[in-house]
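So this one's target.pdb, PDB, C-alpha atoms, pLDDT in the B column:
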```
ATOM      1  CA  MET A1118       3.643 -25.692  35.757  1.00 45.00           C
ATOM      2  CA  THR A1119       2.168 -24.971  39.097  1.00 45.00           C
ATOM      3  CA  HIS A1120      -0.642 -22.498  39.563  1.00 45.00           C
ATOM      4  CA  ARG A1121      -0.915 -20.064  42.440  1.00 45.00           C
ATOM      5  CA  GLY A1122      -2.997 -21.241  45.279  1.00 45.00           C
ATOM      6  CA  THR A1123      -2.103 -24.882  44.869  1.00 48.00           C
ATOM      7  CA  ALA A1124       0.749 -26.082  46.950  1.00 50.00           C
ATOM      8  CA  GLY A1125       2.640 -27.657  44.019  1.00 53.00           C
ATOM      9  CA  ARG A1126      -0.215 -29.968  43.107  1.00 59.00           C
ATOM     10  CA  ARG A1127      -2.956 -29.694  40.515  1.00 56.00           C
ATOM     11  CA  SER A1128      -6.493 -30.730  40.929  1.00 61.00           C
ATOM     12  CA  PRO A1129      -7.785 -33.600  38.743  1.00 60.00           C
ATOM     13  CA  GLN A1130      -9.931 -31.099  36.849  1.00 57.00           C
ATOM     14  CA  GLN A1131      -6.821 -29.099  35.891  1.00 55.00           C
ATOM     15  CA  GLU A1132      -4.969 -32.250  34.829  1.00 61.00           C
ATOM     16  CA  SER A1133      -7.584 -33.183  32.199  1.00 64.00           C
ATOM     17  CA  GLY A1134      -8.474 -31.744  28.803  1.00 66.00           C
ATOM     18  CA  LEU A1135      -7.423 -28.320  27.638  1.00 69.00           C
ATOM     19  CA  GLU A1136      -6.809 -27.102  31.193  1.00 72.00           C
ATOM     20  CA  PHE A1137      -3.567 -29.098  31.138  1.00 72.00           C
ATOM     21  CA  PHE A1138      -2.093 -26.633  28.637  1.00 72.00           C
ATOM     22  CA  LYS A1139      -3.363 -23.499  30.375  1.00 71.00           C
ATOM     23  CA  GLY A1140      -0.459 -21.060  30.766  1.00 70.00           C
ATOM     24  CA  ALA A1141       1.946 -23.133  28.650  1.00 70.00           C
ATOM     25  CA  ARG A1142       4.725 -21.136  26.995  1.00 66.00           C
ATOM     26  CA  VAL A1143       5.195 -23.053  23.746  1.00 67.00           C
ATOM     27  CA  ASN A1144       5.551 -20.786  20.692  1.00 72.00           C
ATOM     28  CA  SER A1145       5.026 -23.526  18.127  1.00 74.00           C
ATOM     29  CA  SER A1146       1.237 -23.144  18.122  1.00 78.00           C
ATOM     30  CA  ALA A1147      -1.380 -20.444  18.503  1.00 79.00           C
ATOM     31  CA  GLY A1148      -3.533 -22.498  20.870  1.00 79.00           C
ATOM     32  CA  PHE A1149      -5.186 -25.857  21.439  1.00 80.00           C
ATOM     33  CA  ILE A1150      -8.583 -27.415  20.716  1.00 82.00           C
ATOM     34  CA  MET A1151     -10.244 -30.648  21.768  1.00 82.00           C
ATOM     35  CA  SER A1152     -11.732 -32.717  18.952  1.00 83.00           C
ATOM     36  CA  GLY A1153     -13.198 -36.154  19.605  1.00 83.00           C
ATOM     37  CA  GLY A1154     -11.290 -36.583  22.854  1.00 79.00           C
ATOM     38  CA  THR A1155      -7.988 -35.701  21.163  1.00 83.00           C
ATOM     39  CA  ILE A1156      -6.128 -32.493  21.884  1.00 82.00           C
ATOM     40  CA  LEU A1157      -4.970 -30.764  18.695  1.00 84.00           C
ATOM     41  CA  ALA A1158      -2.682 -27.740  18.336  1.00 82.00           C
ATOM     42  CA  LEU A1159      -3.803 -24.727  16.303  1.00 82.00           C
ATOM     43  CA  PRO A1160      -1.142 -23.507  13.875  1.00 83.00           C
ATOM     44  CA  HIS A1161      -0.157 -19.878  13.704  1.00 82.00           C
ATOM     45  CA  PRO A1162      -1.962 -17.975  10.945  1.00 82.00           C
ATOM     46  CA  ARG A1163      -0.013 -17.570   7.715  1.00 79.00           C
ATOM     47  CA  ARG A1164       1.091 -14.141   6.648  1.00 74.00           C
ATOM     48  CA  SER A1165      -0.008 -13.643   3.088  1.00 67.00           C
ATOM     49  CA  GLN A1166       2.493 -11.668   1.018  1.00 62.00           C
ATOM     50  CA  SER A1167       1.127 -12.441  -2.405  1.00 55.00           C
ATOM     51  CA  SER A1168       0.913  -9.595  -4.892  1.00 54.00           C
ATOM     52  CA  THR A1169      -2.016 -11.059  -6.782  1.00 54.00           C
ATOM     53  CA  PRO A1170      -5.528 -10.059  -5.671  1.00 57.00           C
ATOM     54  CA  THR A1171      -6.762 -13.664  -5.607  1.00 59.00           C
ATOM     55  CA  GLY A1172      -4.111 -14.704  -3.093  1.00 57.00           C
ATOM     56  CA  ARG A1173      -2.398 -17.164  -5.444  1.00 60.00           C
ATOM     57  CA  SER A1174       1.219 -16.779  -6.388  1.00 62.00           C
ATOM     58  CA  LYS A1175       2.055 -16.299 -10.057  1.00 68.00           C
ATOM     59  CA  PHE A1176       3.511 -19.184 -12.026  1.00 68.00           C
ATOM     60  CA  ARG A1177       7.072 -18.091 -12.774  1.00 70.00           C
ATOM     61  CA  ALA A1178       8.658 -21.285 -14.003  1.00 80.00           C
ATOM     62  CA  SER A1179      10.302 -21.478 -17.405  1.00 81.00           C
ATOM     63  CA  SER A1180      10.697 -24.341 -19.813  1.00 85.00           C
ATOM     64  CA  GLU A1181      14.018 -25.903 -20.808  1.00 84.00           C
ATOM     65  CA  TYR A1182      13.714 -24.214 -24.203  1.00 86.00           C
ATOM     66  CA  MET A1183      13.236 -20.794 -22.598  1.00 85.00           C
ATOM     67  CA  ASP A1184      16.243 -21.326 -20.322  1.00 79.00           C
ATOM     68  CA  GLN A1185      18.539 -22.277 -23.201  1.00 80.00           C
ATOM     69  CA  PHE A1186      17.529 -19.481 -25.570  1.00 85.00           C
ATOM     70  CA  LYS A1187      16.969 -16.500 -23.300  1.00 82.00           C
ATOM     71  CA  GLU A1188      18.844 -13.292 -23.974  1.00 85.00           C
ATOM     72  CA  THR A1189      21.924 -13.056 -21.791  1.00 81.00           C
ATOM     73  CA  PRO A1190      24.280 -10.121 -21.427  1.00 83.00           C
ATOM     74  CA  TYR A1191      27.817 -10.350 -22.800  1.00 86.00           C
ATOM     75  CA  CYS A1192      29.980 -11.691 -19.955  1.00 87.00           C
ATOM     76  CA  TYR A1193      33.512 -13.005 -19.505  1.00 87.00           C
ATOM     77  CA  CYS A1194      35.543 -14.203 -16.536  1.00 87.00           C
ATOM     78  CA  SER A1195      37.595 -11.072 -15.697  1.00 87.00           C
ATOM     79  CA  MET A1196      34.691  -8.674 -16.183  1.00 86.00           C
ATOM     80  CA  ASP A1197      33.865  -6.083 -13.512  1.00 88.00           C
ATOM     81  CA  GLN A1198      30.368  -6.262 -12.000  1.00 88.00           C
ATOM     82  CA  LYS A1199      29.095  -9.418 -13.692  1.00 86.00           C
ATOM     83  CA  PRO A1200      25.352 -10.032 -13.350  1.00 85.00           C
ATOM     84  CA  LEU A1201      24.458 -12.852 -10.966  1.00 86.00           C
ATOM     85  CA  SER A1202      23.196 -16.103 -12.431  1.00 82.00           C
ATOM     86  CA  SER A1203      22.851 -19.718 -11.396  1.00 81.00           C
ATOM     87  CA  TYR A1204      25.985 -21.867 -11.667  1.00 84.00           C
ATOM     88  CA  ASN A1205      26.791 -23.431 -14.997  1.00 83.00           C
ATOM     89  CA  ALA A1206      30.285 -24.703 -15.810  1.00 84.00           C
ATOM     90  CA  LEU A1207      29.857 -23.803 -19.491  1.00 83.00           C
ATOM     91  CA  SER A1208      28.504 -20.327 -18.812  1.00 85.00           C
ATOM     92  CA  TYR A1209      30.019 -17.393 -20.711  1.00 84.00           C
ATOM     93  CA  ARG A1210      30.716 -15.618 -17.424  1.00 85.00           C
ATOM     94  CA  SER A1211      33.273 -18.385 -16.688  1.00 87.00           C
ATOM     95  CA  ARG A1212      35.097 -18.110 -20.048  1.00 88.00           C
ATOM     96  CA  ASN A1213      37.827 -15.808 -21.302  1.00 89.00           C
ATOM     97  CA  ALA A1214      36.869 -12.789 -23.371  1.00 88.00           C
ATOM     98  CA  ILE A1215      36.548 -13.439 -27.109  1.00 85.00           C
ATOM     99  CA  PRO A1216      37.754 -10.677 -29.451  1.00 86.00           C
ATOM    100  CA  ASP A1217      35.252  -9.247 -31.899  1.00 84.00           C
ATOM    101  CA  VAL A1218      35.208 -10.564 -35.470  1.00 84.00           C
ATOM    102  CA  PRO A1219      36.777  -8.048 -37.892  1.00 83.00           C
ATOM    103  CA  MET A1220      34.202  -6.743 -40.322  1.00 81.00           C
ATOM    104  CA  PRO A1221      35.314  -6.764 -43.990  1.00 78.00           C
ATOM    105  CA  TYR A1222      35.243  -3.658 -46.144  1.00 81.00           C
ATOM    106  CA  LYS A1223      32.130  -2.991 -48.190  1.00 81.00           C
ATOM    107  CA  ASN A1224      33.440  -4.269 -51.540  1.00 79.00           C
ATOM    108  CA  ALA A1225      35.997  -6.761 -50.250  1.00 78.00           C
ATOM    109  CA  SER A1226      35.736 -10.334 -51.504  1.00 78.00           C
ATOM    110  CA  ILE A1227      36.174 -13.049 -48.903  1.00 75.00           C
ATOM    111  CA  VAL A1228      35.926 -16.042 -51.253  1.00 78.00           C
ATOM    112  CA  GLN A1229      39.142 -18.085 -51.410  1.00 75.00           C
ATOM    113  CA  PHE A1230      39.560 -20.800 -54.029  1.00 75.00           C
ATOM    114  CA  ASP A1231      41.962 -23.155 -52.285  1.00 73.00           C
ATOM    115  CA  GLY A1232      41.792 -26.133 -49.972  1.00 71.00           C
ATOM    116  CA  GLY A1233      42.953 -24.229 -46.919  1.00 73.00           C
ATOM    117  CA  LEU A1234      45.587 -25.683 -44.637  1.00 72.00           C
ATOM    118  CA  HIS A1235      45.524 -29.261 -45.925  1.00 74.00           C
ATOM    119  CA  VAL A1236      46.794 -28.700 -49.468  1.00 70.00           C
ATOM    120  CA  LEU A1237      50.355 -29.372 -50.608  1.00 70.00           C
ATOM    121  CA  LYS A1238      51.027 -26.817 -53.341  1.00 72.00           C
ATOM    122  CA  ASN A1239      54.025 -28.654 -54.837  1.00 77.00           C
ATOM    123  CA  ARG A1240      52.134 -31.956 -55.298  1.00 71.00           C
ATOM    124  CA  GLN A1241      48.662 -30.719 -56.055  1.00 71.00           C
ATOM    125  CA  PHE A1242      48.163 -32.714 -59.283  1.00 78.00           C
ATOM    126  CA  SER A1243      49.569 -36.056 -58.065  1.00 79.00           C
ATOM    127  CA  THR A1244      46.883 -38.740 -58.087  1.00 83.00           C
ATOM    128  CA  THR A1245      46.961 -41.814 -55.888  1.00 82.00           C
ATOM    129  CA  HIS A1246      47.694 -43.971 -58.932  1.00 82.00           C
ATOM    130  CA  LYS A1247      50.643 -41.787 -59.904  1.00 79.00           C
ATOM    131  CA  VAL A1248      52.017 -41.771 -56.353  1.00 78.00           C
ATOM    132  CA  ASN A1249      51.696 -45.521 -55.744  1.00 77.00           C
ATOM    133  CA  HIS A1250      52.320 -46.980 -59.222  1.00 79.00           C
ATOM    134  CA  THR A1251      55.811 -48.485 -59.561  1.00 76.00           C
ATOM    135  CA  GLY A1252      55.430 -50.261 -62.901  1.00 81.00           C
ATOM    136  CA  GLU A1253      56.591 -53.602 -61.500  1.00 81.00           C
ATOM    137  CA  PRO A1254      54.748 -56.828 -62.314  1.00 84.00           C
ATOM    138  CA  CYS A1255      52.357 -58.322 -59.759  1.00 82.00           C
ATOM    139  CA  GLU A1256      53.991 -59.974 -56.762  1.00 80.00           C
ATOM    140  CA  VAL A1257      53.704 -63.762 -56.642  1.00 87.00           C
ATOM    141  CA  VAL A1258      55.609 -64.005 -53.351  1.00 89.00           C
ATOM    142  CA  SER A1259      53.458 -64.147 -50.224  1.00 90.00           C
ATOM    143  CA  ASN A1260      56.235 -64.352 -47.597  1.00 93.00           C
ATOM    144  CA  GLN A1261      55.919 -61.333 -45.304  1.00 94.00           C
ATOM    145  CA  GLY A1262      59.666 -61.097 -44.673  1.00 95.00           C
ATOM    146  CA  ILE A1263      60.485 -60.867 -48.390  1.00 93.00           C
ATOM    147  CA  LEU A1264      57.655 -58.396 -49.035  1.00 91.00           C
ATOM    148  CA  SER A1265      58.768 -56.146 -46.167  1.00 94.00           C
ATOM    149  CA  GLU A1266      62.388 -56.128 -47.370  1.00 94.00           C
ATOM    150  CA  LYS A1267      61.272 -55.176 -50.909  1.00 90.00           C
ATOM    151  CA  SER A1268      59.054 -52.432 -49.501  1.00 89.00           C
ATOM    152  CA  LYS A1269      61.886 -51.039 -47.340  1.00 93.00           C
ATOM    153  CA  PHE A1270      64.279 -51.060 -50.300  1.00 92.00           C
ATOM    154  CA  ARG A1271      61.709 -49.318 -52.571  1.00 87.00           C
ATOM    155  CA  LYS A1272      61.020 -46.577 -49.974  1.00 88.00           C
ATOM    156  CA  HIS A1273      64.740 -46.082 -49.463  1.00 92.00           C
ATOM    157  CA  GLN A1274      65.237 -45.644 -53.221  1.00 88.00           C
ATOM    158  CA  ILE A1275      62.340 -43.145 -53.467  1.00 83.00           C
ATOM    159  CA  ALA A1276      63.647 -41.115 -50.520  1.00 85.00           C
ATOM    160  CA  LYS A1277      67.037 -40.563 -52.265  1.00 80.00           C
TER
END
```
As structure tokens:
Amino acid sequence: MTHRGTAGRRSPQQESGLEFFKGARVNSSAGFIMSGGTILALPHPRRSQSSTPTGRSKFRASSEYMDQFKETPYCYCSMDQKPLSSYNALSYRSRNAIPDVPMPYKNASIVQFDGGLHVLKNRQFSTTHKVNHTGEPCEVVSNQGILSEKSKFRKHQIAK
């Protein structure tokens, strides 16, 4: 940082204060000021791009409730031109397409009076007492080996 007219040396007046930064090519500040014997850099002015007349930006945050229950378009994984959204592993845009539910006819009854999949039609009136009652007297034997042999024999006879 040599000035013209000085043969590579600066005068003591140029070495002190704000004159030291005269002609500096640093783009990180708009200039320098001296305050209380300390040299401070002036920041570049901010470019205001706010759309509000007061200069404040609008509050655009949303609550957890709003995020969970907002209206989202119907999406699936192989869809063309999916709308962009933040990543969520359970998002519908990452799932396979679900077929539409068939709508019943106007007068069709959808009430079914059965137990569904878990009902055995051939043994529907067998109670637990009827299934497990053998009619034998109470066992007085407590030996596990004898009890297991009797149980095996009984199950073998029932299976025949």
**Between atom CA of A:Ser1146 and atom CA of A:Leu1159 - distance in Å to one decimal** = 5.6 Å
**Pairwise distance for atom CA of A:Asp1217 and atom CA of A:Leu1234, rounded to one decimal in Å** = 23.2 Å
**Asked** In Å, how far is it from atom CA of A:His1161 to atom CA of A:Ala1147?
**Response**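 A separation of 5.0 Å between them.
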**Request:** Would you list the contacts of stretch 1247-1253 of chain A as a list in words, taking every protein, DNA or RNA residue within 12 Å and counting only C-alpha atoms, but skipping same-chain residues closer than 4 positions in sequence?
**Result:** Arg1240, Gln1241, Phe1242, Ser1243, Val1257, Lys1267, Ser1268, Arg1271, Lys1272, Gln1274 and Ile1275 of chain A
**Request:** Extract, using all atoms listed in the file, all DNA, RNA and protein residues at most 12 Å from A:Met1196, discarding same-chain residues fewer than 4 positions from it, and format them as a PyMOL selection string.
**Result:** chain A and resi 1190-1192+1200+1209-1214
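Proximity of A:His1246, A:Ser1180, A:Gln1229, A:Gln1185 to A:Asn1205, computed with all atoms listed in the file, is greatest for A:Gln1185.
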**Prompt:** Which is closer to A:Leu1201 than all the others in A:Thr1189, A:Ile1263, A:Met1183, A:Asn1224, using all atoms listed in the file?
**Reply:**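 Residue with the minimum atom-to-atom distance to A:Leu1201: A:Thr1189.
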Could I see stretch 1243-1259 of chain A restored to N, CA, C and O atoms, set down as a compact mmCIF listing (two decimals), keeping the file's coordinate frame?
```
# COMPACT_ATOMS: atom_id res chain seq x y z
N SER A 1243 49.15 -34.66 -58.17
CA SER A 1243 49.57 -36.06 -58.06
C SER A 1243 48.38 -36.89 -57.62
O SER A 1243 47.83 -36.69 -56.54
N THR A 1244 47.99 -37.85 -58.44
CA THR A 1244 46.88 -38.74 -58.09
C THR A 1244 47.42 -39.90 -57.27
O THR A 1244 48.63 -40.14 -57.21
N THR A 1245 46.52 -40.66 -56.68
CA THR A 1245 46.96 -41.81 -55.89
C THR A 1245 47.58 -42.88 -56.79
O THR A 1245 48.52 -43.57 -56.38
N HIS A 1246 47.10 -43.00 -58.01
CA HIS A 1246 47.69 -43.97 -58.93
C HIS A 1246 49.13 -43.56 -59.28
O HIS A 1246 50.04 -44.39 -59.30
N LYS A 1247 49.32 -42.27 -59.54
CA LYS A 1247 50.64 -41.79 -59.90
C LYS A 1247 51.62 -41.91 -58.74
O LYS A 1247 52.80 -42.22 -58.93
N VAL A 1248 51.14 -41.70 -57.53
CA VAL A 1248 52.02 -41.77 -56.35
C VAL A 1248 52.40 -43.21 -56.04
O VAL A 1248 53.55 -43.51 -55.71
N ASN A 1249 51.46 -44.15 -56.16
CA ASN A 1249 51.70 -45.52 -55.74
C ASN A 1249 52.08 -46.48 -56.86
O ASN A 1249 52.45 -47.61 -56.59
N HIS A 1250 52.01 -46.08 -58.12
CA HIS A 1250 52.32 -46.98 -59.22
C HIS A 1250 53.83 -47.06 -59.43
O HIS A 1250 54.51 -46.05 -59.61
N THR A 1251 54.36 -48.30 -59.38
CA THR A 1251 55.81 -48.48 -59.56
C THR A 1251 56.15 -49.09 -60.91
O THR A 1251 57.32 -49.08 -61.32
N GLY A 1252 55.18 -49.66 -61.59
CA GLY A 1252 55.43 -50.26 -62.90
C GLY A 1252 55.96 -51.67 -62.83
O GLY A 1252 56.29 -52.27 -63.85
N GLU A 1253 56.10 -52.23 -61.65
CA GLU A 1253 56.59 -53.60 -61.50
C GLU A 1253 55.45 -54.58 -61.73
O GLU A 1253 54.28 -54.25 -61.55
N PRO A 1254 55.81 -55.82 -62.14
CA PRO A 1254 54.75 -56.83 -62.31
C PRO A 1254 54.16 -57.22 -60.97
O PRO A 1254 54.72 -56.92 -59.91
N CYS A 1255 53.03 -57.90 -60.99
CA CYS A 1255 52.36 -58.32 -59.76
C CYS A 1255 53.25 -59.26 -58.96
O CYS A 1255 53.97 -60.09 -59.52
N GLU A 1256 53.18 -59.14 -57.65
CA GLU A 1256 53.99 -59.97 -56.76
C GLU A 1256 53.36 -61.37 -56.66
O GLU A 1256 52.18 -61.50 -56.45
N VAL A 1257 54.17 -62.39 -56.83
CA VAL A 1257 53.70 -63.76 -56.64
C VAL A 1257 54.20 -64.32 -55.33
O VAL A 1257 53.82 -65.41 -54.93
N VAL A 1258 55.05 -63.57 -54.64
CA VAL A 1258 55.61 -64.00 -53.35
C VAL A 1258 54.63 -63.58 -52.26
O VAL A 1258 54.13 -62.45 -52.26
N SER A 1259 54.37 -64.48 -51.32
CA SER A 1259 53.46 -64.15 -50.22
C SER A 1259 54.17 -64.13 -48.87
O SER A 1259 53.53 -63.89 -47.85
```
